[in-house]
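Engineer: I'd like to ask you about the structure that follows.
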Amino acid sequence: MKRLGLACLLLLASVCGLPRASASGSIWMPIHVLIDAGHGGVDGGASYGSLLEKEVNLQIARILYRQLTEKGYRVILNRTGDYALSDENKWLNSPSRHLRDLAQRKHLAAELPVEMMISIHANWSKNASKHGPLVLYQRNNQSFMLADLIQHALNQLYHTSAEPRAAGSYYLLKHSLCPTIIVEVGFLSNREDRERMTDPNGQEKIAQAIATAVHEYLLLVGEMQEMSE
């Protein structure tokens with residue numbers, strides 16, 4: 001996939017029939033899902049041997065993007081290749097590359113009318129027996145509802161019973177204005193999880209579990225909005 005910066009993503013949204021705000025009062029139709037492919041470029045994330053988290057994140061994020069667009073949803077993938085989003089950040093005057101990277105991820109969600117942001121990651125532990133998915137959420141009802149649906153969909157796939165976890169110390173969860181979650185799709189340090197996350201069929205099933213939960217969430221939100229009108 002070709003690398004797309006923020007300006008290109010904004011143009012793409014317009015070309016795809018999402019009109020920008022104008023003097024006449026027209027606004028963009030909201031993006032249903034912003035997929036955040038964690039890490040990238042010089043930031044490889046967690047690792048196991050030569051396997052880097054950034055690679056797994058992007059592979060699953062690309063599949064999730066395809067599956068959701070095939071369902072008819074408007075979706076943006078913020079990293080389409082192996083590069084650091086800090087390189088896109090020309091506006092934050094900070095010496096911290098990590099902070100510029102995180103701020104750029106949050107900035108795109110603020111620039112577009114986004115209904116949710118899903119950040120894809122892989123976990124790691126010194127204990128190789130630790131396994132399974134974990135979904136982290138903001139301390140608000142919408143983020144929790146999305147996290148709960150995705151956690152239980154992934155639990156069915158992994159045959160686990162974890163509950164989503166509130167996590168206020170993560171930058172994206174603290175600063176993102178739209179409902180945002182972090183999906184740790186498994187442990188790179190666990191053999192069974194690692195095989196699932198690197199196998200094309202396993203990646204398809206992980207993305208499908210997330211996509212199904214997103215569909216359920218958007219249906220529920222739509223029903224609640226209709227009831228409140």
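Note on naming: chains are A, B, ... as they come in the structure tokens, residues start from 1 per chain, ligands start from 1 in the order shown.
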As a PyMOL selection string, please: the residues near A:Pro164 (cut-off 7 Å, only C-alpha atoms, same-chain neighbours under 4 positions excluded).

Structural biologist: chain A and resi 134-136+147-148+151

Engineer: Just want the 12 Å neighbourhood of A:Glu115, counted on only C-alpha atoms, with same-chain residues fewer than 4 positions away dropped. Output as a VMD selection string.

Structural biologist: chain A and resid 29 to 35 73 to 76 109 to 110 142 to 143 146 176 to 181 214 217 to 218 221 to 222

Engineer: With N, CA and C atoms kept, could you save the residues just selected as a PDB file, in the first residue's frame?

Structural biologist:
ATOM      1  N   MET A  29     -19.749  13.409   6.148  1.00  0.00           N
ATOM      2  CA  MET A  29     -20.409  12.267   6.772  1.00  0.00           C
ATOM      3  C   MET A  29     -19.355  11.613   7.655  1.00  0.00           C
ATOM      4  N   PRO A  30     -19.722  11.123   8.819  1.00  0.00           N
ATOM      5  CA  PRO A  30     -18.709  10.591   9.735  1.00  0.00           C
ATOM      6  C   PRO A  30     -18.046   9.327   9.210  1.00  0.00           C
ATOM      7  N   ILE A  31     -16.751   9.210   9.508  1.00  0.00           N
ATOM      8  CA  ILE A  31     -16.044   7.962   9.280  1.00  0.00           C
ATOM      9  C   ILE A  31     -16.504   6.993  10.360  1.00  0.00           C
ATOM     10  N   HIS A  32     -16.907   5.798   9.967  1.00  0.00           N
ATOM     11  CA  HIS A  32     -17.372   4.840  10.969  1.00  0.00           C
ATOM     12  C   HIS A  32     -16.234   4.373  11.866  1.00  0.00           C
ATOM     13  N   VAL A  33     -15.096   4.032  11.249  1.00  0.00           N
ATOM     14  CA  VAL A  33     -13.996   3.447  12.019  1.00  0.00           C
ATOM     15  C   VAL A  33     -12.657   4.004  11.542  1.00  0.00           C
ATOM     16  N   LEU A  34     -11.861   4.490  12.481  1.00  0.00           N
ATOM     17  CA  LEU A  34     -10.466   4.807  12.226  1.00  0.00           C
ATOM     18  C   LEU A  34      -9.639   3.667  12.825  1.00  0.00           C
ATOM     19  N   ILE A  35      -8.911   2.955  11.979  1.00  0.00           N
ATOM     20  CA  ILE A  35      -8.068   1.854  12.446  1.00  0.00           C
ATOM     21  C   ILE A  35      -6.654   2.385  12.643  1.00  0.00           C
ATOM     22  N   TYR A  73     -18.875  -0.080   5.398  1.00  0.00           N
ATOM     23  CA  TYR A  73     -18.548   0.986   6.339  1.00  0.00           C
ATOM     24  C   TYR A  73     -17.469   1.900   5.763  1.00  0.00           C
ATOM     25  N   ARG A  74     -17.494   3.151   6.211  1.00  0.00           N
ATOM     26  CA  ARG A  74     -16.468   4.122   5.847  1.00  0.00           C
ATOM     27  C   ARG A  74     -15.327   3.980   6.854  1.00  0.00           C
ATOM     28  N   VAL A  75     -14.152   3.638   6.350  1.00  0.00           N
ATOM     29  CA  VAL A  75     -13.030   3.271   7.211  1.00  0.00           C
ATOM     30  C   VAL A  75     -11.764   3.985   6.758  1.00  0.00           C
ATOM     31  N   ILE A  76     -10.949   4.419   7.719  1.00  0.00           N
ATOM     32  CA  ILE A  76      -9.633   4.992   7.453  1.00  0.00           C
ATOM     33  C   ILE A  76      -8.598   4.148   8.186  1.00  0.00           C
ATOM     34  N   ALA A 109      -7.931  11.550  14.272  1.00  0.00           N
ATOM     35  CA  ALA A 109      -9.289  11.304  14.779  1.00  0.00           C
ATOM     36  C   ALA A 109     -10.000  12.610  15.079  1.00  0.00           C
ATOM     37  N   ALA A 110      -9.244  13.648  15.474  1.00  0.00           N
ATOM     38  CA  ALA A 110      -9.847  14.947  15.766  1.00  0.00           C
ATOM     39  C   ALA A 110     -10.177  15.701  14.485  1.00  0.00           C
ATOM     40  N   GLN A 142     -19.556   4.424  26.020  1.00  0.00           N
ATOM     41  CA  GLN A 142     -19.440   3.989  24.630  1.00  0.00           C
ATOM     42  C   GLN A 142     -18.170   3.179  24.407  1.00  0.00           C
ATOM     43  N   SER A 143     -17.056   3.655  24.957  1.00  0.00           N
ATOM     44  CA  SER A 143     -15.804   2.918  24.812  1.00  0.00           C
ATOM     45  C   SER A 143     -15.912   1.547  25.479  1.00  0.00           C
ATOM     46  N   LEU A 146     -18.084  -0.861  23.285  1.00  0.00           N
ATOM     47  CA  LEU A 146     -17.322  -1.345  22.134  1.00  0.00           C
ATOM     48  C   LEU A 146     -16.283  -2.372  22.574  1.00  0.00           C
ATOM     49  N   SER A 176      -8.076  10.964  23.155  1.00  0.00           N
ATOM     50  CA  SER A 176      -8.972  10.840  22.011  1.00  0.00           C
ATOM     51  C   SER A 176     -10.395  11.230  22.397  1.00  0.00           C
ATOM     52  N   LEU A 177     -11.046  12.019  21.524  1.00  0.00           N
ATOM     53  CA  LEU A 177     -12.391  12.514  21.813  1.00  0.00           C
ATOM     54  C   LEU A 177     -13.468  11.507  21.405  1.00  0.00           C
ATOM     55  N   CYS A 178     -13.204  10.695  20.395  1.00  0.00           N
ATOM     56  CA  CYS A 178     -14.191   9.691  19.988  1.00  0.00           C
ATOM     57  C   CYS A 178     -14.006   8.438  20.832  1.00  0.00           C
ATOM     58  N   PRO A 179     -15.021   7.561  20.905  1.00  0.00           N
ATOM     59  CA  PRO A 179     -14.836   6.285  21.603  1.00  0.00           C
ATOM     60  C   PRO A 179     -13.629   5.545  21.039  1.00  0.00           C
ATOM     61  N   THR A 180     -12.684   5.229  21.905  1.00  0.00           N
ATOM     62  CA  THR A 180     -11.419   4.641  21.473  1.00  0.00           C
ATOM     63  C   THR A 180     -11.082   3.434  22.332  1.00  0.00           C
ATOM     64  N   ILE A 181     -10.558   2.396  21.700  1.00  0.00           N
ATOM     65  CA  ILE A 181     -10.118   1.205  22.432  1.00  0.00           C
ATOM     66  C   ILE A 181      -8.761   0.762  21.896  1.00  0.00           C
ATOM     67  N   VAL A 214     -17.756  -4.765  15.814  1.00  0.00           N
ATOM     68  CA  VAL A 214     -17.962  -3.377  15.382  1.00  0.00           C
ATOM     69  C   VAL A 214     -19.345  -3.229  14.762  1.00  0.00           C
ATOM     70  N   TYR A 217     -21.897  -3.200  17.481  1.00  0.00           N
ATOM     71  CA  TYR A 217     -21.835  -1.931  18.213  1.00  0.00           C
ATOM     72  C   TYR A 217     -22.571  -0.825  17.449  1.00  0.00           C
ATOM     73  N   LEU A 218     -22.304  -0.714  16.159  1.00  0.00           N
ATOM     74  CA  LEU A 218     -22.931   0.353  15.368  1.00  0.00           C
ATOM     75  C   LEU A 218     -24.445   0.142  15.270  1.00  0.00           C
ATOM     76  N   VAL A 221     -25.775   1.332  18.693  1.00  0.00           N
ATOM     77  CA  VAL A 221     -25.739   2.796  18.784  1.00  0.00           C
ATOM     78  C   VAL A 221     -26.863   3.395  17.948  1.00  0.00           C
ATOM     79  N   GLY A 222     -27.062   2.837  16.754  1.00  0.00           N
ATOM     80  CA  GLY A 222     -28.152   3.335  15.906  1.00  0.00           C
ATOM     81  C   GLY A 222     -29.510   3.147  16.541  1.00  0.00           C
TER      82      GLY A 222
END

Engineer: If you run DSSP on the backbone here, which positions in stretch 37-199 of chain A get strand (DSSP E)? Please write them as a PyMOL selection string.

Structural biologist: chain A and resi 37+47-48+51-52+75-77+117-123+134-137+165-166+180-187

Engineer: Quick one: pick out all alpha helix (DSSP H) residues within stretch 144-228 of chain A from a backbone DSSP run and write them as a VMD selection string.

Structural biologist: chain A and resid 144 to 158 171 to 175 191 to 198 200 to 228

Engineer: Could you give me, as a PyMOL selection string, the residues within 8 Å of A:Ala166, counting only C-alpha atoms and dropping anything in the same chain fewer than 4 positions from it?

Structural biologist: chain A and resi 136-139+144

Engineer: List the spatial neighbours of stretch 49-65 of chain A as a list in words - criterion: any atom at most 7 Å away, only C-alpha atoms, same-chain residues fewer than 5 positions off excluded.

Structural biologist: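 Contacts, in chain order: Ile35, Ala37, Gly38, His39, Gly40, Gly44, Val75, Leu77, Ile120, His121, Ala122, Met197, Thr198, Gln203, Glu204, Ala207 and Ala211 of chain A.
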
Engineer: Could you check how far atom CA of A:Leu157 sits from atom CA of A:Asn141, in Å to one decimal?

Structural biologist: 24.6 Å
